[in-house]
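Structure below is upload.cif: mmCIF, N, CA and C atoms.
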data_final
#
loop_
_atom_site.label_atom_id
_atom_site.label_comp_id
_atom_site.auth_asym_id
_atom_site.auth_seq_id
_atom_site.Cartn_x
_atom_site.Cartn_y
_atom_site.Cartn_z
N MET T 1 -28.93 -0.15 0.90
CA MET T 1 -28.13 0.99 0.50
C MET T 1 -27.59 0.76 -0.92
N ALA T 2 -27.64 1.78 -1.74
CA ALA T 2 -27.18 1.66 -3.13
C ALA T 2 -25.66 1.54 -3.18
N LYS T 3 -25.17 0.71 -4.13
CA LYS T 3 -23.73 0.57 -4.32
C LYS T 3 -23.21 1.73 -5.15
N VAL T 4 -22.14 2.35 -4.68
CA VAL T 4 -21.52 3.44 -5.44
C VAL T 4 -20.82 2.83 -6.65
N PRO T 5 -21.12 3.33 -7.86
CA PRO T 5 -20.46 2.79 -9.06
C PRO T 5 -18.93 2.92 -8.98
N ARG T 6 -18.24 2.01 -9.64
CA ARG T 6 -16.78 1.94 -9.62
C ARG T 6 -16.12 3.29 -9.90
N ASN T 7 -16.54 3.96 -10.99
CA ASN T 7 -15.87 5.20 -11.36
C ASN T 7 -16.11 6.33 -10.36
N PHE T 8 -17.31 6.39 -9.77
CA PHE T 8 -17.57 7.41 -8.74
C PHE T 8 -16.66 7.16 -7.56
N ARG T 9 -16.55 5.90 -7.19
CA ARG T 9 -15.72 5.53 -6.05
C ARG T 9 -14.25 5.90 -6.32
N LEU T 10 -13.76 5.58 -7.53
CA LEU T 10 -12.37 5.88 -7.86
C LEU T 10 -12.13 7.39 -7.97
N LEU T 11 -13.13 8.15 -8.42
CA LEU T 11 -13.00 9.61 -8.45
C LEU T 11 -12.85 10.16 -7.04
N GLU T 12 -13.62 9.61 -6.09
CA GLU T 12 -13.50 10.00 -4.68
C GLU T 12 -12.10 9.71 -4.17
N GLU T 13 -11.58 8.52 -4.51
CA GLU T 13 -10.25 8.14 -4.05
C GLU T 13 -9.18 9.04 -4.67
N LEU T 14 -9.36 9.39 -5.96
CA LEU T 14 -8.42 10.26 -6.65
C LEU T 14 -8.37 11.62 -5.95
N GLU T 15 -9.54 12.17 -5.66
CA GLU T 15 -9.61 13.47 -5.00
C GLU T 15 -8.92 13.41 -3.64
N LYS T 16 -9.19 12.36 -2.89
CA LYS T 16 -8.58 12.20 -1.56
C LYS T 16 -7.07 12.03 -1.68
N GLY T 17 -6.63 11.24 -2.66
CA GLY T 17 -5.20 11.00 -2.85
C GLY T 17 -4.45 12.26 -3.23
N GLU T 18 -5.09 13.12 -4.04
CA GLU T 18 -4.45 14.36 -4.47
C GLU T 18 -4.29 15.34 -3.32
N LYS T 19 -5.20 15.25 -2.34
CA LYS T 19 -5.12 16.14 -1.17
C LYS T 19 -4.06 15.67 -0.19
N GLY T 20 -3.69 14.39 -0.29
CA GLY T 20 -2.70 13.84 0.65
C GLY T 20 -3.39 13.20 1.83
N ILE T 21 -2.77 12.15 2.36
CA ILE T 21 -3.35 11.39 3.46
C ILE T 21 -2.67 11.78 4.75
N GLY T 22 -3.45 12.13 5.74
CA GLY T 22 -2.94 12.31 7.10
C GLY T 22 -1.60 13.03 7.18
N ASP T 23 -0.59 12.32 7.70
CA ASP T 23 0.72 12.93 7.95
C ASP T 23 1.63 12.90 6.72
N GLY T 24 1.12 12.48 5.58
CA GLY T 24 1.91 12.47 4.36
C GLY T 24 2.83 11.27 4.20
N SER T 25 2.69 10.27 5.07
CA SER T 25 3.57 9.10 4.99
C SER T 25 3.16 8.15 3.88
N CYS T 26 1.95 8.30 3.36
CA CYS T 26 1.46 7.51 2.23
C CYS T 26 0.79 8.45 1.24
N SER T 27 1.02 8.22 -0.04
CA SER T 27 0.33 9.02 -1.06
C SER T 27 0.06 8.14 -2.27
N TYR T 28 -0.89 8.57 -3.09
CA TYR T 28 -1.23 7.81 -4.29
C TYR T 28 -1.92 8.71 -5.29
N GLY T 29 -1.86 8.29 -6.55
CA GLY T 29 -2.53 9.04 -7.61
C GLY T 29 -2.52 8.22 -8.89
N LEU T 30 -3.26 8.68 -9.88
CA LEU T 30 -3.32 7.97 -11.15
C LEU T 30 -1.97 8.00 -11.85
N GLU T 31 -1.60 6.88 -12.46
CA GLU T 31 -0.36 6.80 -13.22
C GLU T 31 -0.43 7.72 -14.43
N ASP T 32 -1.62 7.79 -15.06
CA ASP T 32 -1.84 8.59 -16.26
C ASP T 32 -3.17 9.31 -16.11
N GLY T 33 -3.11 10.63 -16.10
CA GLY T 33 -4.32 11.43 -15.92
C GLY T 33 -5.37 11.21 -16.99
N ASP T 34 -4.98 10.62 -18.14
CA ASP T 34 -5.92 10.36 -19.23
C ASP T 34 -6.53 8.96 -19.15
N ASP T 35 -6.22 8.21 -18.11
CA ASP T 35 -6.74 6.84 -17.93
C ASP T 35 -8.21 6.93 -17.51
N ILE T 36 -9.12 6.90 -18.48
CA ILE T 36 -10.54 7.09 -18.16
C ILE T 36 -11.11 5.95 -17.33
N MET T 37 -10.48 4.78 -17.36
CA MET T 37 -10.96 3.67 -16.54
C MET T 37 -10.40 3.74 -15.11
N MET T 38 -9.45 4.65 -14.90
CA MET T 38 -8.83 4.84 -13.59
C MET T 38 -8.34 3.52 -13.00
N SER T 39 -7.63 2.74 -13.80
CA SER T 39 -7.18 1.41 -13.38
C SER T 39 -5.77 1.42 -12.79
N ASN T 40 -4.88 2.23 -13.33
CA ASN T 40 -3.46 2.16 -12.97
C ASN T 40 -3.04 3.33 -12.09
N TRP T 41 -2.56 2.99 -10.89
CA TRP T 41 -2.23 3.98 -9.89
C TRP T 41 -0.78 3.81 -9.44
N ASN T 42 -0.19 4.91 -8.99
CA ASN T 42 1.12 4.88 -8.34
C ASN T 42 0.90 5.16 -6.86
N GLY T 43 1.66 4.49 -6.04
CA GLY T 43 1.59 4.74 -4.60
C GLY T 43 2.99 4.95 -4.05
N THR T 44 3.08 5.70 -2.97
CA THR T 44 4.35 5.93 -2.29
C THR T 44 4.14 5.75 -0.79
N ILE T 45 5.08 5.04 -0.18
CA ILE T 45 5.08 4.88 1.28
C ILE T 45 6.43 5.35 1.78
N ILE T 46 6.42 6.26 2.75
CA ILE T 46 7.66 6.64 3.42
C ILE T 46 7.78 5.71 4.63
N GLY T 47 8.87 4.97 4.66
CA GLY T 47 9.06 3.96 5.70
C GLY T 47 8.93 4.54 7.10
N PRO T 48 8.29 3.79 8.00
CA PRO T 48 8.11 4.27 9.37
C PRO T 48 9.45 4.34 10.10
N GLY T 49 9.65 5.40 10.87
CA GLY T 49 10.90 5.57 11.59
C GLY T 49 10.94 4.78 12.87
N HIS T 50 9.82 4.72 13.56
CA HIS T 50 9.78 4.05 14.86
C HIS T 50 8.53 3.20 14.96
N ALA T 51 8.67 2.11 15.68
CA ALA T 51 7.54 1.23 15.95
C ALA T 51 7.27 1.30 17.45
N HIS T 52 6.01 1.34 17.80
CA HIS T 52 5.67 1.38 19.22
C HIS T 52 5.77 -0.01 19.82
N HIS T 53 6.67 -0.16 20.73
CA HIS T 53 6.80 -1.39 21.49
C HIS T 53 6.05 -1.15 22.79
N ARG T 54 5.78 -2.18 23.53
CA ARG T 54 5.01 -2.02 24.76
C ARG T 54 5.63 -0.96 25.67
N TYR T 55 6.95 -0.94 25.79
CA TYR T 55 7.60 -0.06 26.76
C TYR T 55 8.43 1.07 26.15
N PHE T 56 8.69 1.01 24.86
CA PHE T 56 9.57 2.01 24.26
C PHE T 56 9.33 2.09 22.77
N LEU T 57 9.95 3.09 22.14
CA LEU T 57 9.91 3.21 20.68
C LEU T 57 11.10 2.46 20.11
N ALA T 58 10.86 1.58 19.16
CA ALA T 58 11.93 0.82 18.53
C ALA T 58 12.14 1.35 17.12
N LYS T 59 13.38 1.56 16.75
CA LYS T 59 13.71 2.04 15.41
C LYS T 59 13.43 0.94 14.39
N THR T 60 13.03 1.31 13.18
CA THR T 60 12.81 0.31 12.13
C THR T 60 13.87 0.45 11.04
N VAL T 61 14.09 -0.64 10.30
CA VAL T 61 15.05 -0.62 9.17
C VAL T 61 14.49 0.18 7.98
N HIS T 62 13.23 0.53 8.06
CA HIS T 62 12.56 1.23 6.95
C HIS T 62 12.63 2.75 7.09
N GLU T 63 13.21 3.23 8.17
CA GLU T 63 13.19 4.67 8.46
C GLU T 63 13.67 5.50 7.28
N ASN T 64 12.82 6.46 6.88
CA ASN T 64 13.10 7.44 5.82
C ASN T 64 13.31 6.85 4.42
N ARG T 65 13.09 5.55 4.26
CA ARG T 65 13.14 4.98 2.91
C ARG T 65 11.86 5.33 2.18
N ILE T 66 11.97 5.54 0.89
CA ILE T 66 10.79 5.84 0.07
C ILE T 66 10.52 4.63 -0.81
N TYR T 67 9.34 4.05 -0.66
CA TYR T 67 8.95 2.87 -1.42
C TYR T 67 7.91 3.25 -2.46
N SER T 68 8.15 2.85 -3.72
CA SER T 68 7.20 3.10 -4.80
C SER T 68 6.43 1.82 -5.11
N LEU T 69 5.14 1.97 -5.36
CA LEU T 69 4.28 0.84 -5.64
C LEU T 69 3.41 1.12 -6.85
N LYS T 70 2.98 0.04 -7.49
CA LYS T 70 2.02 0.12 -8.59
C LYS T 70 0.75 -0.57 -8.08
N ILE T 71 -0.39 0.10 -8.25
CA ILE T 71 -1.66 -0.43 -7.80
C ILE T 71 -2.59 -0.52 -9.01
N THR T 72 -3.19 -1.68 -9.21
CA THR T 72 -4.09 -1.86 -10.35
C THR T 72 -5.47 -2.20 -9.84
N CYS T 73 -6.43 -1.34 -10.17
CA CYS T 73 -7.82 -1.56 -9.78
C CYS T 73 -8.54 -2.18 -10.98
N GLY T 74 -8.86 -3.45 -10.86
CA GLY T 74 -9.52 -4.17 -11.95
C GLY T 74 -10.96 -3.72 -12.12
N GLU T 75 -11.63 -4.31 -13.10
CA GLU T 75 -13.01 -3.88 -13.40
C GLU T 75 -13.98 -4.20 -12.27
N ASN T 76 -13.63 -5.12 -11.36
CA ASN T 76 -14.52 -5.46 -10.24
C ASN T 76 -14.23 -4.68 -8.96
N TYR T 77 -13.23 -3.78 -9.02
CA TYR T 77 -12.94 -2.92 -7.88
C TYR T 77 -14.13 -1.98 -7.65
N PRO T 78 -14.59 -1.70 -6.46
CA PRO T 78 -14.06 -2.04 -5.15
C PRO T 78 -14.63 -3.34 -4.54
N ASP T 79 -15.37 -4.12 -5.33
CA ASP T 79 -15.85 -5.40 -4.80
C ASP T 79 -14.71 -6.40 -4.67
N ALA T 80 -13.69 -6.26 -5.51
CA ALA T 80 -12.50 -7.11 -5.45
C ALA T 80 -11.31 -6.20 -5.13
N PRO T 81 -10.32 -6.72 -4.40
CA PRO T 81 -9.18 -5.88 -4.02
C PRO T 81 -8.31 -5.52 -5.23
N PRO T 82 -7.55 -4.44 -5.10
CA PRO T 82 -6.61 -4.10 -6.17
C PRO T 82 -5.41 -5.05 -6.14
N GLN T 83 -4.68 -5.11 -7.25
CA GLN T 83 -3.40 -5.81 -7.27
C GLN T 83 -2.35 -4.79 -6.87
N VAL T 84 -1.45 -5.19 -5.99
CA VAL T 84 -0.43 -4.27 -5.48
C VAL T 84 0.94 -4.87 -5.76
N GLN T 85 1.85 -4.04 -6.26
CA GLN T 85 3.19 -4.49 -6.58
C GLN T 85 4.19 -3.42 -6.19
N PHE T 86 5.21 -3.83 -5.43
CA PHE T 86 6.30 -2.91 -5.10
C PHE T 86 7.20 -2.75 -6.31
N LEU T 87 7.57 -1.51 -6.63
CA LEU T 87 8.58 -1.25 -7.65
C LEU T 87 9.94 -1.16 -6.96
N SER T 88 9.92 -0.62 -5.73
CA SER T 88 11.14 -0.56 -4.91
C SER T 88 11.33 -1.91 -4.25
N ARG T 89 12.59 -2.36 -4.20
CA ARG T 89 12.87 -3.64 -3.52
C ARG T 89 12.62 -3.49 -2.03
N VAL T 90 11.94 -4.49 -1.47
CA VAL T 90 11.68 -4.52 -0.03
C VAL T 90 11.59 -5.98 0.39
N ASN T 91 12.06 -6.27 1.58
CA ASN T 91 11.98 -7.62 2.12
C ASN T 91 10.88 -7.65 3.17
N LEU T 92 9.71 -8.14 2.78
CA LEU T 92 8.58 -8.33 3.68
C LEU T 92 7.96 -9.68 3.35
N PRO T 93 7.41 -10.39 4.35
CA PRO T 93 6.92 -11.75 4.13
C PRO T 93 5.79 -11.86 3.10
N PHE T 94 5.06 -10.77 2.86
CA PHE T 94 3.94 -10.83 1.93
C PHE T 94 4.30 -10.28 0.55
N VAL T 95 5.59 -10.01 0.30
CA VAL T 95 6.04 -9.49 -0.99
C VAL T 95 6.88 -10.54 -1.70
N ASN T 96 6.50 -10.88 -2.95
CA ASN T 96 7.24 -11.82 -3.76
C ASN T 96 8.61 -11.21 -4.08
N GLN T 97 9.68 -11.91 -3.75
CA GLN T 97 11.03 -11.36 -3.90
C GLN T 97 11.54 -11.41 -5.35
N THR T 98 10.76 -12.02 -6.25
CA THR T 98 11.15 -12.05 -7.66
C THR T 98 10.57 -10.86 -8.42
N ASN T 99 9.28 -10.54 -8.15
CA ASN T 99 8.62 -9.51 -8.96
C ASN T 99 8.00 -8.37 -8.15
N GLY T 100 8.06 -8.43 -6.83
CA GLY T 100 7.53 -7.33 -6.00
C GLY T 100 6.04 -7.38 -5.74
N ARG T 101 5.36 -8.38 -6.27
CA ARG T 101 3.90 -8.45 -6.06
C ARG T 101 3.57 -8.78 -4.61
N VAL T 102 2.54 -8.10 -4.12
CA VAL T 102 2.03 -8.37 -2.77
C VAL T 102 1.08 -9.55 -2.87
N ASP T 103 1.33 -10.58 -2.06
CA ASP T 103 0.47 -11.77 -2.04
C ASP T 103 -0.81 -11.43 -1.27
N PRO T 104 -1.95 -11.39 -1.96
CA PRO T 104 -3.19 -10.97 -1.30
C PRO T 104 -3.61 -11.91 -0.17
N HIS T 105 -3.10 -13.15 -0.18
CA HIS T 105 -3.48 -14.09 0.88
C HIS T 105 -2.68 -13.86 2.16
N ASN T 106 -1.54 -13.17 2.04
CA ASN T 106 -0.66 -12.97 3.19
C ASN T 106 -0.69 -11.57 3.77
N LEU T 107 -1.55 -10.72 3.25
CA LEU T 107 -1.72 -9.37 3.80
C LEU T 107 -3.19 -9.23 4.18
N ALA T 108 -3.45 -9.09 5.47
CA ALA T 108 -4.81 -9.15 6.01
C ALA T 108 -5.79 -8.22 5.29
N VAL T 109 -5.37 -6.98 5.01
CA VAL T 109 -6.29 -6.01 4.39
C VAL T 109 -6.77 -6.49 3.01
N LEU T 110 -5.94 -7.25 2.30
CA LEU T 110 -6.36 -7.79 0.99
C LEU T 110 -7.09 -9.12 1.15
N ALA T 111 -6.64 -9.94 2.10
CA ALA T 111 -7.25 -11.26 2.32
C ALA T 111 -8.69 -11.14 2.81
N SER T 112 -8.95 -10.13 3.62
CA SER T 112 -10.31 -9.94 4.15
C SER T 112 -10.93 -8.67 3.55
N TRP T 113 -10.73 -8.47 2.27
CA TRP T 113 -11.17 -7.27 1.56
C TRP T 113 -12.67 -7.04 1.69
N SER T 114 -13.05 -5.78 1.90
CA SER T 114 -14.46 -5.39 1.81
C SER T 114 -14.52 -4.13 0.96
N ARG T 115 -15.68 -3.82 0.41
CA ARG T 115 -15.74 -2.66 -0.47
C ARG T 115 -15.59 -1.34 0.29
N ASN T 116 -15.54 -1.42 1.63
CA ASN T 116 -15.25 -0.22 2.42
C ASN T 116 -13.75 0.08 2.46
N SER T 117 -12.94 -0.91 2.07
CA SER T 117 -11.50 -0.69 2.02
C SER T 117 -11.17 0.13 0.77
N SER T 118 -9.95 0.67 0.75
CA SER T 118 -9.57 1.55 -0.37
C SER T 118 -8.08 1.46 -0.62
N ILE T 119 -7.61 2.16 -1.64
CA ILE T 119 -6.18 2.23 -1.92
C ILE T 119 -5.46 2.77 -0.68
N GLU T 120 -6.04 3.79 -0.08
CA GLU T 120 -5.45 4.38 1.13
C GLU T 120 -5.33 3.32 2.23
N THR T 121 -6.38 2.55 2.45
CA THR T 121 -6.36 1.51 3.49
C THR T 121 -5.21 0.55 3.26
N VAL T 122 -5.01 0.14 2.01
CA VAL T 122 -3.95 -0.82 1.67
C VAL T 122 -2.58 -0.22 1.99
N LEU T 123 -2.32 1.01 1.55
CA LEU T 123 -1.01 1.64 1.78
C LEU T 123 -0.74 1.82 3.27
N VAL T 124 -1.74 2.27 4.01
CA VAL T 124 -1.58 2.49 5.46
C VAL T 124 -1.31 1.16 6.17
N GLU T 125 -2.01 0.11 5.76
CA GLU T 125 -1.80 -1.21 6.39
C GLU T 125 -0.42 -1.78 6.07
N ILE T 126 0.04 -1.59 4.83
CA ILE T 126 1.39 -2.05 4.49
C ILE T 126 2.42 -1.32 5.35
N ARG T 127 2.23 -0.02 5.53
CA ARG T 127 3.16 0.76 6.35
C ARG T 127 3.15 0.27 7.80
N LYS T 128 1.96 -0.05 8.32
CA LYS T 128 1.86 -0.59 9.68
C LYS T 128 2.61 -1.92 9.79
N GLU T 129 2.50 -2.75 8.74
CA GLU T 129 3.20 -4.04 8.73
C GLU T 129 4.71 -3.84 8.76
N MET T 130 5.20 -2.79 8.09
CA MET T 130 6.64 -2.50 8.11
C MET T 130 7.14 -2.26 9.53
N ALA T 131 6.29 -1.67 10.36
CA ALA T 131 6.67 -1.33 11.73
C ALA T 131 6.36 -2.45 12.72
N SER T 132 5.76 -3.53 12.26
CA SER T 132 5.37 -4.60 13.18
C SER T 132 6.60 -5.29 13.76
N LEU T 133 6.41 -5.93 14.87
CA LEU T 133 7.48 -6.61 15.60
C LEU T 133 8.26 -7.56 14.70
N ASN T 134 7.56 -8.31 13.84
CA ASN T 134 8.23 -9.30 12.99
C ASN T 134 8.96 -8.69 11.80
N ASN T 135 8.59 -7.49 11.39
CA ASN T 135 9.12 -6.93 10.14
C ASN T 135 10.05 -5.73 10.30
N ARG T 136 10.06 -5.11 11.45
CA ARG T 136 10.79 -3.84 11.59
C ARG T 136 12.31 -3.99 11.56
N LYS T 137 12.83 -5.21 11.76
CA LYS T 137 14.28 -5.42 11.78
C LYS T 137 14.77 -6.31 10.63
N LEU T 138 13.85 -6.72 9.73
CA LEU T 138 14.24 -7.60 8.62
C LEU T 138 15.32 -6.94 7.77
N PRO T 139 16.37 -7.69 7.41
CA PRO T 139 17.41 -7.11 6.53
C PRO T 139 16.76 -6.66 5.22
N GLN T 140 17.15 -5.49 4.75
CA GLN T 140 16.56 -4.93 3.54
C GLN T 140 17.58 -4.81 2.42
N PRO T 141 17.10 -4.88 1.17
CA PRO T 141 18.00 -4.69 0.02
C PRO T 141 18.55 -3.26 0.04
N PRO T 142 19.60 -2.99 -0.73
CA PRO T 142 20.14 -1.63 -0.77
C PRO T 142 19.06 -0.61 -1.13
N GLU T 143 19.11 0.53 -0.46
CA GLU T 143 18.14 1.58 -0.72
C GLU T 143 18.22 2.02 -2.17
N GLY T 144 17.07 2.21 -2.81
CA GLY T 144 17.03 2.66 -4.20
C GLY T 144 17.01 1.51 -5.21
N SER T 145 17.18 0.26 -4.75
CA SER T 145 17.13 -0.86 -5.71
C SER T 145 15.68 -1.16 -6.07
N THR T 146 15.47 -1.70 -7.27
CA THR T 146 14.11 -1.93 -7.77
C THR T 146 13.94 -3.35 -8.25
N PHE T 147 12.67 -3.76 -8.38
CA PHE T 147 12.35 -5.10 -8.92
C PHE T 147 12.42 -5.04 -10.43
#

Any chance you could give the structure as C-alpha cells?
Amino acid sequence: MAKVPRNFRLLEELEKGEKGIGDGSCSYGLEDGDDIMMSNWNGTIIGPGHAHHRYFLAKTVHENRIYSLKITCGENYPDAPPQVQFLSRVNLPFVNQTNGRVDPHNLAVLASWSRNSSIETVLVEIRKEMASLNNRKLPQPPEGSTF
C-alpha cells in the first residue's frame, strides 16, 4: 500500500479538525493558517466530567476545565509522533511540571506510535487518561494557570 505523503495526511487532519471531533470534547487546528508546512497546531481538551468506574460514575477533578495544548508535527510526521505540550497547567504523570511537555515515553499513544495514529488520537487518549482511576482525583493547579 502506498504511503500517504505528509502534507496530504496533514490536510486530511486539518479538514477533520475544522469539522470538530465527535462530542466536541477535543478540538485542534493550525496555529497559523499560512503555515505551509502545517507543523504548528493548537489543541483544546475539555476536561472529562465523569469517569466510568465498574459500578458507578465517579466525578473527576478535570470537569469543565479547558486545557490548551501546542502540537508540533515534525518533518517525519506521521512516521514519528508529534511533540505535545500543555500550555494550561495540569498535574498528570506524563506531563513535565516545569514546561508542560508530554513525555512520549509515559503516554502509551506516543510510546507505541504508528502512522495510523493522529493528532485526534493523541488528544482523545490524553482526555481518557484524565478520567483514569489514577488521574481523575489528582490535585490540580488553579484553573486558568499556564506554564

Write out as JSON, numbers by chain which residues come within 8 Å of T:Thr121 when counting all atoms listed in the file, dropping same-chain ones fewer than 5 positions away.
{"T": [109, 110, 116, 126, 127]}

I need the output of the PyMOL selection byres ((chain T and resi 79) around 7) for this file as JSON, numbers by chain; which residues are they?
{"T": [76, 77, 78, 80, 81, 113, 114, 115]}

Interatomic distance (Å, one decimal) between atom CA of T:Pro104 and atom CA of T:Gly24
24.6 Å

I'd like the box whose edges run along x, y and z of the file and which contains every listed atom of stretch 114-128 of chain T, padded by 4 Å per side; could you state its centre and edge lengths in Å, one decimal, as lines of an AutoDock Vina configuration file?
center_x = -6.3
center_y = -0.7
center_z = 3.9
size_x = 26.9
size_y = 18.2
size_z = 19.7

To test your reading of the syntax: which residues would the PyMOL selection byres (((chain T and resi 33-50 and name CA) around 10) and name CA) return for the file shown? Reply as a PyMOL selection string.
chain T and resi 6-7+10-11+14+17+24-32+51-53+56-75+77+82-88+119-120+123-124+126-132+136

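With atom C of T:Val4 on one side and atom C of T:Lys16 on the other, the separation reads 17.3 Å.
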
From the list T:Ser117, T:Asn106, T:Asn134, T:Gln140, which residue is nearest T:Val90 when using only C-alpha atoms?
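Ranked by minimum distance to T:Val90, first place goes to T:Gln140.
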
Determine which residues of stretch 7-126 of chain T receive a DSSP assignment of strand (DSSP E or B), computed from the backbone, and state them as an MDAnalysis selection string.
chainID T and resid 26:30 40:46 50:52 57:59 66:72 83:86 88 95 101:102

Enumerate as JSON, numbers by chain all residues of chain T assigned to alpha helix (DSSP H) by DSSP on the backbone, naming them with the chain letters and numbers the document uses.
{"T": [6, 7, 8, 9, 10, 11, 12, 13, 14, 15, 16, 17, 18, 19, 108, 109, 110, 111, 119, 120, 121, 122, 123, 124, 125, 126, 127, 128, 129, 130]}

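Between atom CA of T:Ser112 and atom CA of T:Gly100 lies a distance of 20.7 Å.
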
Taking the partial coordinates given, rebuild stretch 61-68 of chain T to contain all heavy atoms; return it as a compact mmCIF listing (two decimals), in the coordinates of the input.
# COMPACT_ATOMS: atom_id res chain seq x y z
N VAL T 61 14.09 -0.64 10.30
CA VAL T 61 15.05 -0.62 9.17
C VAL T 61 14.49 0.18 7.98
O VAL T 61 15.21 0.45 7.03
CB VAL T 61 15.42 -2.05 8.71
CG1 VAL T 61 16.20 -2.78 9.78
CG2 VAL T 61 14.18 -2.83 8.31
N HIS T 62 13.23 0.53 8.06
CA HIS T 62 12.56 1.23 6.95
C HIS T 62 12.63 2.75 7.09
O HIS T 62 12.17 3.47 6.20
CB HIS T 62 11.09 0.81 6.87
CG HIS T 62 10.90 -0.67 6.76
ND1 HIS T 62 11.11 -1.36 5.59
CD2 HIS T 62 10.53 -1.59 7.68
CE1 HIS T 62 10.88 -2.65 5.79
NE2 HIS T 62 10.53 -2.81 7.05
N GLU T 63 13.21 3.23 8.17
CA GLU T 63 13.19 4.67 8.46
C GLU T 63 13.67 5.50 7.28
O GLU T 63 14.75 5.27 6.74
CB GLU T 63 14.05 4.96 9.69
CG GLU T 63 13.99 6.42 10.10
CD GLU T 63 14.66 6.68 11.44
OE1 GLU T 63 15.57 5.92 11.82
OE2 GLU T 63 14.25 7.64 12.10
N ASN T 64 12.82 6.46 6.88
CA ASN T 64 13.10 7.44 5.82
C ASN T 64 13.31 6.85 4.42
O ASN T 64 13.66 7.56 3.50
CB ASN T 64 14.32 8.31 6.18
CG ASN T 64 14.03 9.16 7.39
OD1 ASN T 64 12.89 9.56 7.62
ND2 ASN T 64 15.04 9.42 8.19
N ARG T 65 13.09 5.55 4.26
CA ARG T 65 13.14 4.98 2.91
C ARG T 65 11.86 5.33 2.18
O ARG T 65 10.79 5.38 2.78
CB ARG T 65 13.30 3.46 2.97
CG ARG T 65 14.71 3.02 3.31
CD ARG T 65 14.85 1.53 3.13
NE ARG T 65 16.22 1.12 3.30
CZ ARG T 65 16.78 0.12 2.65
NH1 ARG T 65 16.09 -0.61 1.79
NH2 ARG T 65 18.04 -0.20 2.85
N ILE T 66 11.97 5.54 0.89
CA ILE T 66 10.79 5.84 0.07
C ILE T 66 10.52 4.63 -0.81
O ILE T 66 11.39 4.21 -1.58
CB ILE T 66 11.01 7.11 -0.77
CG1 ILE T 66 11.21 8.31 0.18
CG2 ILE T 66 9.83 7.34 -1.70
CD1 ILE T 66 11.64 9.57 -0.52
N TYR T 67 9.34 4.05 -0.66
CA TYR T 67 8.95 2.87 -1.42
C TYR T 67 7.91 3.25 -2.46
O TYR T 67 6.90 3.88 -2.13
CB TYR T 67 8.37 1.80 -0.49
CG TYR T 67 9.38 1.30 0.53
CD1 TYR T 67 9.38 1.77 1.83
CD2 TYR T 67 10.33 0.34 0.17
CE1 TYR T 67 10.30 1.29 2.77
CE2 TYR T 67 11.25 -0.13 1.09
CZ TYR T 67 11.23 0.35 2.39
OH TYR T 67 12.14 -0.12 3.30
N SER T 68 8.15 2.85 -3.72
CA SER T 68 7.20 3.10 -4.80
C SER T 68 6.43 1.82 -5.11
O SER T 68 7.02 0.74 -5.11
CB SER T 68 7.94 3.55 -6.07
OG SER T 68 8.61 4.76 -5.82
